[in-house]
>>> print(open('protein.csv').read())   # CSV, C-alpha atoms and all ligand atoms
chain,number,residue,atom,x,y,z
A,729,MET,CA,-7.8,-32.0,-7.2
A,730,SER,CA,-6.4,-30.4,-10.4
A,731,ALA,CA,-3.0,-28.8,-10.5
A,732,SER,CA,-4.5,-25.4,-10.5
A,733,GLY,CA,-6.8,-26.4,-7.6
A,734,ASN,CA,-3.8,-27.6,-5.6
A,735,ARG,CA,-1.9,-24.4,-6.3
A,736,GLN,CA,-5.0,-22.4,-5.2
A,737,GLN,CA,-5.3,-24.4,-2.0
A,738,ALA,CA,-1.5,-23.9,-1.2
A,739,LEU,CA,-1.8,-20.2,-1.8
A,740,ALA,CA,-4.9,-19.9,0.4
A,741,ASN,CA,-3.1,-21.8,3.2
A,742,GLN,CA,-0.1,-19.5,2.9
A,743,VAL,CA,-2.2,-16.3,2.9
A,744,SER,CA,-4.1,-17.5,6.0
A,745,GLU,CA,-0.8,-18.1,7.8
A,746,SER,CA,0.4,-14.6,6.9
A,747,VAL,CA,-2.9,-13.1,7.9
A,748,GLU,CA,-3.0,-15.0,11.2
A,749,PHE,CA,0.5,-13.7,12.0
A,750,LEU,CA,-0.5,-10.1,11.2
A,751,ARG,CA,-3.7,-10.4,13.2
A,752,SER,CA,-1.7,-11.6,16.2
A,753,LYS,CA,0.3,-8.3,16.1
A,754,THR,CA,-2.7,-5.9,16.2
A,755,SER,CA,-6.3,-5.6,16.9
A,756,SER,CA,-6.7,-3.0,14.1
A,757,ARG,CA,-9.1,-4.2,11.4
A,758,PRO,CA,-8.6,-1.8,8.5
A,759,ALA,CA,-10.9,-1.6,5.4
A,760,ILE,CA,-8.6,0.8,3.4
A,761,GLY,CA,-5.2,-0.3,2.1
A,762,ILE,CA,-2.4,1.8,0.6
A,763,VAL,CA,0.5,0.6,-1.4
A,764,LEU,CA,3.4,3.0,-1.3
A,765,GLY,CA,5.6,3.2,-4.4
A,766,SER,CA,9.3,4.0,-5.0
A,767,GLY,CA,10.4,6.9,-2.7
A,768,LEU,CA,6.9,7.4,-1.3
A,769,GLY,CA,7.4,5.3,1.7
A,770,GLY,CA,7.6,8.3,4.1
A,771,PHE,CA,3.9,8.3,4.3
A,772,GLY,CA,4.1,5.2,6.5
A,773,ASP,CA,6.3,7.0,9.0
A,774,LEU,CA,3.6,9.6,9.7
A,775,LEU,CA,0.9,7.3,10.9
A,776,ILE,CA,-0.2,7.2,14.5
A,777,GLU,CA,-1.6,4.4,16.7
A,778,LYS,CA,0.7,2.4,14.6
A,779,THR,CA,1.8,-1.2,14.5
A,780,THR,CA,4.6,-1.9,12.1
A,781,VAL,CA,5.6,-5.3,11.0
A,782,ASP,CA,8.8,-6.0,9.1
A,783,THR,CA,7.7,-8.1,6.1
A,784,LYS,CA,10.7,-10.4,6.6
A,785,THR,CA,9.1,-11.7,9.7
A,786,ILE,CA,5.8,-12.6,8.0
A,787,PRO,CA,5.5,-16.2,7.0
A,788,HIS,CA,5.5,-16.7,3.2
A,789,TYR,CA,5.8,-13.0,2.5
A,790,PRO,CA,7.9,-12.0,-0.5
A,791,ARG,CA,11.1,-9.9,-0.1
A,792,SER,CA,11.9,-6.7,-2.0
A,793,SER,CA,15.4,-5.9,-3.0
A,794,VAL,CA,15.0,-2.4,-4.4
A,795,PRO,CA,16.5,0.6,-2.5
A,796,GLY,CA,13.6,2.8,-1.3
A,797,HIS,CA,11.3,-0.2,-0.8
A,798,ALA,CA,11.5,-0.7,2.9
A,799,GLY,CA,9.4,-3.9,3.3
A,800,LYS,CA,7.2,-2.9,6.1
A,801,ILE,CA,3.5,-3.2,6.8
A,802,HIS,CA,1.9,-0.6,9.0
A,803,PHE,CA,-1.5,-0.6,10.6
A,804,GLY,CA,-2.3,2.9,11.8
A,805,LYS,CA,-4.2,6.1,11.3
A,806,ILE,CA,-3.5,9.6,9.9
A,807,PRO,CA,-3.1,12.1,12.7
A,808,GLN,CA,-6.3,14.1,13.0
A,809,SER,CA,-4.4,17.3,14.0
A,810,GLY,CA,-2.5,17.3,10.8
A,811,ILE,CA,0.6,15.9,9.3
A,812,PRO,CA,3.8,17.7,10.3
A,813,TYR,CA,5.1,19.1,7.1
A,814,SER,CA,1.9,19.2,5.1
A,815,GLY,CA,0.1,21.3,7.7
A,816,ILE,CA,-3.2,19.6,7.1
A,817,ALA,CA,-5.7,19.7,9.9
A,818,ASP,CA,-9.0,18.0,9.4
A,819,GLY,CA,-10.7,19.2,12.5
A,820,LYS,CA,-13.6,16.9,13.2
A,821,LYS,CA,-12.8,14.2,10.7
A,822,LYS,CA,-11.3,11.0,12.0
A,823,SER,CA,-9.0,8.9,10.0
A,824,ALA,CA,-10.1,5.4,9.1
A,825,GLU,CA,-7.8,2.6,10.1
A,826,LEU,CA,-5.3,1.9,7.4
A,827,LEU,CA,-3.2,-1.0,6.2
A,828,VAL,CA,-0.1,0.5,4.6
A,829,PHE,CA,2.4,-1.5,2.5
A,830,GLN,CA,5.7,0.3,2.5
A,831,GLY,CA,7.8,-1.2,-0.3
A,832,ARG,CA,6.7,-3.7,-2.9
A,833,VAL,CA,8.2,-6.5,-5.0
A,834,HIS,CA,8.5,-5.9,-8.7
A,835,PHE,CA,8.0,-8.4,-11.4
A,836,TYR,CA,11.6,-7.8,-12.5
A,837,GLU,CA,13.0,-8.8,-9.1
A,838,THR,CA,11.5,-12.3,-9.0
A,839,ASN,CA,10.0,-13.0,-12.4
A,840,ASP,CA,7.1,-14.4,-10.4
A,841,LEU,CA,3.8,-12.6,-10.5
A,842,ALA,CA,2.5,-14.6,-7.6
A,843,GLN,CA,5.0,-12.9,-5.3
A,844,VAL,CA,4.1,-9.5,-6.8
A,845,VAL,CA,0.4,-9.8,-6.0
A,846,TYR,CA,0.8,-11.7,-2.7
A,847,PRO,CA,0.3,-8.5,-0.7
A,848,ILE,CA,-3.0,-8.0,-2.4
A,849,ASP,CA,-4.0,-11.6,-1.5
A,850,VAL,CA,-3.2,-10.7,2.1
A,851,ALA,CA,-5.0,-7.3,1.9
A,852,ALA,CA,-8.1,-9.1,0.6
A,853,ALA,CA,-8.0,-11.7,3.3
A,854,LEU,CA,-7.6,-8.9,5.9
A,855,GLY,CA,-10.9,-7.4,4.7
A,856,ILE,CA,-9.6,-4.5,2.6
A,857,LYS,CA,-12.4,-3.0,0.6
A,858,LYS,CA,-10.7,0.1,-0.9
A,859,LEU,CA,-7.1,0.3,-2.1
A,860,ILE,CA,-4.9,3.3,-3.1
A,861,VAL,CA,-2.0,2.1,-5.2
A,862,THR,CA,0.9,4.5,-5.8
A,863,ASN,CA,4.0,4.3,-7.9
A,864,ALA,CA,6.8,6.3,-9.4
A,865,GLY,CA,6.4,6.8,-13.2
A,866,GLY,CA,8.0,8.4,-16.2
A,867,ALA,CA,6.1,11.0,-18.1
A,868,ILE,CA,5.1,10.3,-21.7
A,869,ASN,CA,2.5,13.0,-22.0
A,870,ARG,CA,4.3,16.2,-23.0
A,871,GLN,CA,2.1,18.2,-20.6
A,872,PHE,CA,3.6,16.4,-17.6
A,873,ALA,CA,6.7,17.4,-15.6
A,874,PRO,CA,8.7,15.7,-12.8
A,875,GLY,CA,6.9,16.3,-9.6
A,876,ASP,CA,3.4,15.9,-11.0
A,877,LEU,CA,0.8,13.6,-9.4
A,878,MET,CA,-1.3,11.7,-11.9
A,879,PHE,CA,-4.5,9.9,-11.1
A,880,ILE,CA,-4.6,6.7,-13.1
A,881,THR,CA,-7.7,6.4,-15.3
A,882,ASP,CA,-6.8,3.1,-16.9
A,883,TYR,CA,-3.8,1.0,-17.8
A,884,LEU,CA,-1.9,-0.5,-20.7
A,885,ASN,CA,-0.1,-3.8,-20.1
A,886,MET,CA,3.0,-4.0,-22.2
A,887,THR,CA,4.1,-7.2,-20.4
A,888,PHE,CA,1.0,-9.1,-21.7
A,889,LYS,CA,1.2,-11.0,-18.4
A,890,ASN,CA,-1.8,-11.6,-16.3
A,891,PRO,CA,-1.4,-12.5,-12.7
A,892,LEU,CA,-4.7,-14.3,-12.6
A,893,ARG,CA,-3.5,-16.9,-15.1
A,894,GLY,CA,-3.3,-20.3,-13.5
A,895,ARG,CA,-5.4,-19.4,-10.5
A,896,ASN,CA,-8.8,-18.4,-9.5
A,897,PRO,CA,-9.0,-16.2,-6.5
A,898,LYS,CA,-12.7,-16.8,-6.0
A,899,GLY,CA,-12.6,-20.5,-6.3
A,900,ALA,CA,-15.6,-20.3,-8.6
A,901,SER,CA,-15.9,-19.4,-12.3
A,902,TRP,CA,-13.7,-16.7,-13.8
A,903,ASN,CA,-15.0,-13.3,-13.8
A,904,LYS,CA,-14.6,-12.3,-17.4
A,905,THR,CA,-16.8,-9.3,-17.2
A,906,LEU,CA,-15.0,-6.2,-18.4
A,907,ARG,CA,-15.2,-3.5,-15.8
A,908,PRO,CA,-13.0,-0.5,-15.1
A,909,ALA,CA,-10.0,-1.7,-13.1
A,910,PHE,CA,-10.0,1.7,-11.3
A,911,SER,CA,-13.0,2.8,-9.4
A,912,ARG,CA,-14.8,5.8,-11.0
A,913,ALA,CA,-16.3,6.7,-7.6
A,914,MET,CA,-12.9,6.8,-5.8
A,915,LEU,CA,-11.4,8.7,-8.7
A,916,ALA,CA,-14.2,11.3,-8.4
A,917,LYS,CA,-13.7,11.7,-4.7
A,918,ALA,CA,-9.9,11.9,-5.1
A,919,LYS,CA,-10.2,14.7,-7.7
A,920,ASP,CA,-12.6,16.6,-5.4
A,921,ALA,CA,-10.2,16.2,-2.5
A,922,ALA,CA,-7.3,17.5,-4.7
A,923,ARG,CA,-9.3,20.5,-5.9
A,924,GLU,CA,-10.6,21.4,-2.5
A,925,ASN,CA,-7.1,21.5,-1.1
A,926,GLY,CA,-5.5,23.3,-4.0
A,927,ILE,CA,-3.3,20.3,-5.0
A,928,PRO,CA,-2.7,20.2,-8.7
A,929,TYR,CA,-3.1,16.9,-10.4
A,930,LYS,CA,-3.0,15.2,-13.8
A,931,GLU,CA,-5.0,12.3,-15.1
A,932,GLY,CA,-4.0,9.6,-17.5
A,933,VAL,CA,-3.2,6.1,-18.6
A,934,TYR,CA,-0.4,4.2,-16.9
A,935,CYS,CA,1.6,1.7,-18.9
A,936,TRP,CA,3.2,-1.3,-17.2
A,937,THR,CA,6.5,-2.4,-18.6
A,938,LYS,CA,8.6,-5.3,-17.4
A,939,GLY,CA,11.9,-3.7,-16.6
A,940,PRO,CA,14.4,-3.8,-14.9
A,941,ALA,CA,16.0,-1.6,-17.5
A,942,TYR,CA,14.1,1.6,-18.4
A,943,GLU,CA,12.4,1.6,-21.7
A,944,SER,CA,14.2,2.4,-25.0
A,945,ALA,CA,13.4,5.6,-26.7
A,946,ALA,CA,11.7,3.7,-29.5
A,947,GLU,CA,9.6,1.8,-27.0
A,948,ILE,CA,8.5,5.0,-25.4
A,949,GLN,CA,7.5,6.3,-28.9
A,950,MET,CA,5.5,3.1,-29.4
A,951,ILE,CA,3.8,3.3,-26.0
A,952,ASP,CA,3.0,7.0,-26.6
A,953,LYS,CA,1.3,6.1,-29.9
A,954,LEU,CA,-0.7,3.4,-28.0
A,955,GLY,CA,-2.1,6.1,-25.7
A,956,ALA,CA,-0.3,6.0,-22.4
A,957,ASP,CA,0.5,9.1,-20.4
A,958,ALA,CA,3.0,7.6,-18.0
A,959,VAL,CA,5.1,4.5,-17.7
A,960,GLY,CA,6.4,2.3,-14.9
A,961,MET,CA,7.2,-1.2,-13.7
A,962,SER,CA,4.5,-1.9,-11.2
A,963,THR,CA,0.9,-1.5,-10.1
A,964,VAL,CA,-1.0,-3.2,-12.9
A,965,PRO,CA,-0.6,-6.7,-11.6
A,966,GLU,CA,-1.8,-5.7,-8.1
A,967,VAL,CA,-4.7,-3.7,-9.6
A,968,ILE,CA,-5.8,-6.7,-11.7
A,969,VAL,CA,-5.9,-9.0,-8.7
A,970,ALA,CA,-7.5,-6.4,-6.4
A,971,ALA,CA,-10.3,-5.8,-9.0
A,972,GLU,CA,-10.9,-9.6,-9.2
A,973,TYR,CA,-11.4,-9.6,-5.5
A,974,GLY,CA,-13.9,-6.8,-5.9
A,975,ILE,CA,-11.7,-4.3,-4.1
A,976,GLU,CA,-12.2,-0.7,-5.3
A,977,VAL,CA,-8.9,0.8,-6.5
A,978,LEU,CA,-7.5,4.2,-6.9
A,979,GLY,CA,-4.1,4.6,-8.6
A,980,ILE,CA,-1.7,7.6,-8.3
A,981,SER,CA,1.5,7.9,-10.2
A,982,CYS,CA,4.2,10.3,-9.0
A,983,ILE,CA,5.9,11.5,-12.1
A,984,THR,CA,9.6,11.4,-11.3
A,985,ASN,CA,11.1,11.9,-14.7
A,986,LEU,CA,10.5,12.3,-18.4
A,987,ALA,CA,10.4,8.9,-20.1
A,988,THR,CA,13.4,7.8,-22.2
A,989,GLY,CA,14.0,10.0,-25.2
A,990,LEU,CA,11.9,12.9,-24.0
A,991,SER,CA,14.8,14.5,-22.3
A,992,SER,CA,18.5,14.6,-22.9
A,993,GLU,CA,19.3,13.4,-19.3
A,994,LYS,CA,20.1,9.8,-18.5
A,995,LEU,CA,17.6,8.1,-16.3
A,996,SER,CA,18.5,6.7,-12.9
A,997,HIS,CA,16.8,5.2,-10.0
A,998,ALA,CA,18.5,7.8,-7.8
A,999,GLU,CA,16.8,10.6,-9.8
A,1000,VAL,CA,13.4,8.8,-9.4
A,1001,THR,CA,13.9,8.7,-5.6
A,1002,VAL,CA,15.1,12.4,-5.4
A,1003,VAL,CA,12.0,13.7,-7.2
A,1004,ALA,CA,9.7,11.4,-5.2
A,1005,ASN,CA,11.2,12.9,-2.1
A,1006,ARG,CA,10.5,16.4,-3.4
A,1007,VAL,CA,6.8,15.7,-4.0
A,1008,LYS,CA,6.5,14.0,-0.7
A,1009,GLN,CA,4.6,16.9,0.8
A,1010,ASN,CA,1.9,17.2,-1.9
A,1011,PHE,CA,1.7,13.4,-2.1
A,1012,THR,CA,1.2,13.0,1.6
A,1013,THR,CA,-1.4,15.7,1.8
A,1014,LEU,CA,-3.3,14.4,-1.2
A,1015,VAL,CA,-3.3,10.8,0.1
A,1016,SER,CA,-4.4,12.0,3.5
A,1017,LYS,CA,-7.2,14.1,2.2
A,1018,ILE,CA,-8.4,11.2,0.0
A,1019,VAL,CA,-8.4,8.9,3.0
A,1020,PHE,CA,-10.4,11.4,5.0
A,1021,ALA,CA,-12.8,11.6,2.0
A,1022,ILE,CA,-13.2,7.9,1.3
A,1023,GLY,CA,-13.0,6.9,5.0
A,1024,GLU,CA,-16.6,8.1,5.4
A,1025,ASP,CA,-17.8,5.4,3.1
A,1026,VAL,CA,-16.2,2.3,4.6
A,1101,LIG,N1,10.1,4.0,-16.8
A,1101,LIG,C1,9.8,3.0,-16.1
A,1101,LIG,N2,9.6,3.0,-14.8
A,1101,LIG,C2,9.8,4.2,-14.1
A,1101,LIG,C3,10.2,5.3,-14.8
A,1101,LIG,C4,10.3,5.3,-16.2
A,1101,LIG,O1,10.6,6.2,-16.9
A,1101,LIG,N3,10.2,6.3,-13.9
A,1101,LIG,C5,9.9,5.8,-12.7
A,1101,LIG,N4,9.7,4.4,-12.8
>>> encode(input="protein.csv", output="structure tokens")
Amino acid sequence: MSASGNRQQALANQVSESVEFLRSKTSSRPAIGIVLGSGLGGFGDLLIEKTTVDTKTIPHYPRSSVPGHAGKIHFGKIPQSGIPYSGIADGKKKSAELLVFQGRVHFYETNDLAQVVYPIDVAAALGIKKLIVTNAGGAINRQFAPGDLMFITDYLNMTFKNPLRGRNPKGASWNKTLRPAFSRAMLAKAKDAARENGIPYKEGVYCWTKGPAYESAAEIQMIDKLGADAVGMSTVPEVIVAAEYGIEVLGISCITNLATGLSSEKLSHAEVTVVANRVKQNFTTLVSKIVFAIGEDV
């Protein structure tokens, strides 16, 4: 077998051990996955009929070292009667079963994209068909303010790294067809859900930068000229791999700050977490409503 074939086989074996472990913990078989970004982990705490697995206990699962990234996987549902602080109540609608990743590993933590996308390999093997990927991001678009929620329409990849390089998730020929990484259908449903519930939203292009330092002011000017509306250090690798698996993806950025140079304040991870906390309510309501909307299709 070729070196890449060997790597692929090793990955497949690891993923199936992780999946076997997770399956031994729950009989839930979710088709919708959610990746919770920096400071947005609280969503996981609200689930009912929940099985929580500490990712440290999962064989081969990567470790996150960033504060605010708990490292838990939850299987569970959104309570039908409403989520405590958002006051939603969906009457007759039942929540689909969910697979929720609380905490992620960033590229800057390990310099290893295989670890960053490992949760997506696991999600695909668990049968996830639709994925909501969320993150904290800095605003580049001058119309955006901290606290805004932005649906991601497309991405820019300023790392120029592709997690698919060196492997082939399908074990067949590469899928070189250009297709939108983000699902138009899910985006349309998400926008409907936001409008119907009076939750304001923005839309835009998310740019992935390597980190761990925030961008320089000149970099932000460059990224602005290239057409991005928000910037952050995650999401894109996961989305690339999910799309390759044929998973439908919706992306949501929680705008936590103005990008470097757009405000006189100095950026800090603490600030990012504080704002993410503040928008928790809108975020939770929005994601819940989207789950109720897309849950009817899976
Ligand atoms: N830049 C990069 N990543 C981020 C930012 C930012 O301004 N805000 C939150 N995550």
>>> residues_around(input="protein.csv", residues="segment 909-912 of chain A", least_positions_apart="6", cutoff="12 Å", atoms="all atoms listed in the file", output="VMD selection string")
chain A and resid 857 to 861 879 to 884 918 to 919 932 to 934 963 to 980 1022
>>> residues_near_ligand(input="protein.csv", ligand="ligand LIG 1101 (chain A)", cutoff="8 Å", atoms="only C-alpha atoms and all ligand atoms", output="ChimeraX atom specification")
/A:766,863-867,936-937,939,941-943,958-962,983-988,995,997,1000
>>> residues_near_point(input="protein.csv", point="(8.0, -11.4, -9.9)", cutoff="12 Å", atoms="all atoms listed in the file", output="mmCIF file with C-alpha atoms, in the coordinates of the input")
data_model
loop_
_atom_site.group_PDB
_atom_site.id
_atom_site.type_symbol
_atom_site.label_atom_id
_atom_site.label_comp_id
_atom_site.auth_asym_id
_atom_site.auth_seq_id
_atom_site.Cartn_x
_atom_site.Cartn_y
_atom_site.Cartn_z
ATOM 1 C CA PRO A 790 7.900 -12.000 -0.500
ATOM 2 C CA ARG A 791 11.100 -9.900 -0.100
ATOM 3 C CA SER A 792 11.900 -6.700 -2.000
ATOM 4 C CA SER A 793 15.400 -5.900 -3.000
ATOM 5 C CA ARG A 832 6.700 -3.700 -2.900
ATOM 6 C CA VAL A 833 8.200 -6.500 -5.000
ATOM 7 C CA HIS A 834 8.500 -5.900 -8.700
ATOM 8 C CA PHE A 835 8.000 -8.400 -11.400
ATOM 9 C CA TYR A 836 11.600 -7.800 -12.500
ATOM 10 C CA GLU A 837 13.000 -8.800 -9.100
ATOM 11 C CA THR A 838 11.500 -12.300 -9.000
ATOM 12 C CA ASN A 839 10.000 -13.000 -12.400
ATOM 13 C CA ASP A 840 7.100 -14.400 -10.400
ATOM 14 C CA LEU A 841 3.800 -12.600 -10.500
ATOM 15 C CA ALA A 842 2.500 -14.600 -7.600
ATOM 16 C CA GLN A 843 5.000 -12.900 -5.300
ATOM 17 C CA VAL A 844 4.100 -9.500 -6.800
ATOM 18 C CA VAL A 845 0.400 -9.800 -6.000
ATOM 19 C CA TYR A 846 0.800 -11.700 -2.700
ATOM 20 C CA THR A 887 4.100 -7.200 -20.400
ATOM 21 C CA LYS A 889 1.200 -11.000 -18.400
ATOM 22 C CA ASN A 890 -1.800 -11.600 -16.300
ATOM 23 C CA PRO A 891 -1.400 -12.500 -12.700
ATOM 24 C CA LYS A 938 8.600 -5.300 -17.400
ATOM 25 C CA GLY A 939 11.900 -3.700 -16.600
ATOM 26 C CA PRO A 940 14.400 -3.800 -14.900
ATOM 27 C CA MET A 961 7.200 -1.200 -13.700
ATOM 28 C CA SER A 962 4.500 -1.900 -11.200
ATOM 29 C CA PRO A 965 -0.600 -6.700 -11.600
ATOM 30 C CA GLU A 966 -1.800 -5.700 -8.100
#
>>> residues_around(input="protein.csv", residues="Gly926 of chain A", least_positions_apart="3", cutoff="12 Å", atoms="all atoms listed in the file", output="mmCIF file with C-alpha atoms, keeping the file's coordinate frame")
data_model
loop_
_atom_site.group_PDB
_atom_site.id
_atom_site.type_symbol
_atom_site.label_atom_id
_atom_site.label_comp_id
_atom_site.auth_asym_id
_atom_site.auth_seq_id
_atom_site.Cartn_x
_atom_site.Cartn_y
_atom_site.Cartn_z
ATOM 1 C CA ILE A 816 -3.200 19.600 7.100
ATOM 2 C CA LYS A 919 -10.200 14.700 -7.700
ATOM 3 C CA ASP A 920 -12.600 16.600 -5.400
ATOM 4 C CA ALA A 921 -10.200 16.200 -2.500
ATOM 5 C CA ALA A 922 -7.300 17.500 -4.700
ATOM 6 C CA ARG A 923 -9.300 20.500 -5.900
ATOM 7 C CA TYR A 929 -3.100 16.900 -10.400
ATOM 8 C CA ASN A 1010 1.900 17.200 -1.900
ATOM 9 C CA THR A 1013 -1.400 15.700 1.800
ATOM 10 C CA LEU A 1014 -3.300 14.400 -1.200
ATOM 11 C CA LYS A 1017 -7.200 14.100 2.200
#
>>> atom_distance(input="protein.csv", atom1="atom CA of Phe829 of chain A", atom2="atom CA of His802 of chain A")
6.6 Å
>>> closest_residue(input="protein.csv", among="A:Asp876, A:Ala1004, A:Phe771, A:Arg870", to="Gly989 of chain A", atoms="all atoms listed in the file")
A:Arg870
>>> atom_distance(input="protein.csv", atom1="atom CA of Ser756 of chain A", atom2="atom CA of Ser823 of chain A")
12.8 Å
>>> closest_residue(input="protein.csv", among="A:Gly831, A:Gly772, A:Pro758, A:Pro874", to="Ala851 of chain A", atoms="all atoms listed in the file")
A:Pro758
>>> atom_distance(input="protein.csv", atom1="atom CA of Ile786 of chain A", atom2="atom CA of Asp773 of chain A")
19.6 Å
>>> closest_residue(input="protein.csv", among="A:Val850, A:Ala913, A:Phe888, A:Arg895", to="Cys935 of chain A", atoms="only C-alpha atoms")
A:Phe888
>>> closest_residue(input="protein.csv", among="A:Gly799, A:Gly1023, A:Pro908, A:Gly769", to="Thr785 of chain A", atoms="all atoms listed in the file")
A:Gly799
>>> closest_residue(input="protein.csv", among="A:Lys994, A:Arg893, A:His788, A:Lys822", to="Asn741 of chain A", atoms="all atoms listed in the file")
A:His788
>>> decode(input="protein.csv", residues="segment 848-861 of chain A", atoms="C-alpha atoms", output="mmCIF file, in the first residue's frame")
data_model
loop_
_atom_site.group_PDB
_atom_site.id
_atom_site.type_symbol
_atom_site.label_atom_id
_atom_site.label_comp_id
_atom_site.auth_asym_id
_atom_site.auth_seq_id
_atom_site.Cartn_x
_atom_site.Cartn_y
_atom_site.Cartn_z
ATOM 1 C CA ILE A 848 -15.431 15.665 11.632
ATOM 2 C CA ASP A 849 -14.079 12.230 10.739
ATOM 3 C CA VAL A 850 -15.816 10.940 13.856
ATOM 4 C CA ALA A 851 -19.034 12.835 13.064
ATOM 5 C CA ALA A 852 -19.111 11.408 9.529
ATOM 6 C CA ALA A 853 -18.512 7.880 10.836
ATOM 7 C CA LEU A 854 -21.329 8.379 13.356
ATOM 8 C CA GLY A 855 -23.692 9.156 10.476
ATOM 9 C CA ILE A 856 -23.983 12.939 10.713
ATOM 10 C CA LYS A 857 -25.675 14.377 7.619
ATOM 11 C CA LYS A 858 -25.978 18.032 8.620
ATOM 12 C CA LEU A 859 -23.527 20.088 10.604
ATOM 13 C CA ILE A 860 -23.771 23.513 12.228
ATOM 14 C CA VAL A 861 -20.295 24.912 12.791
#
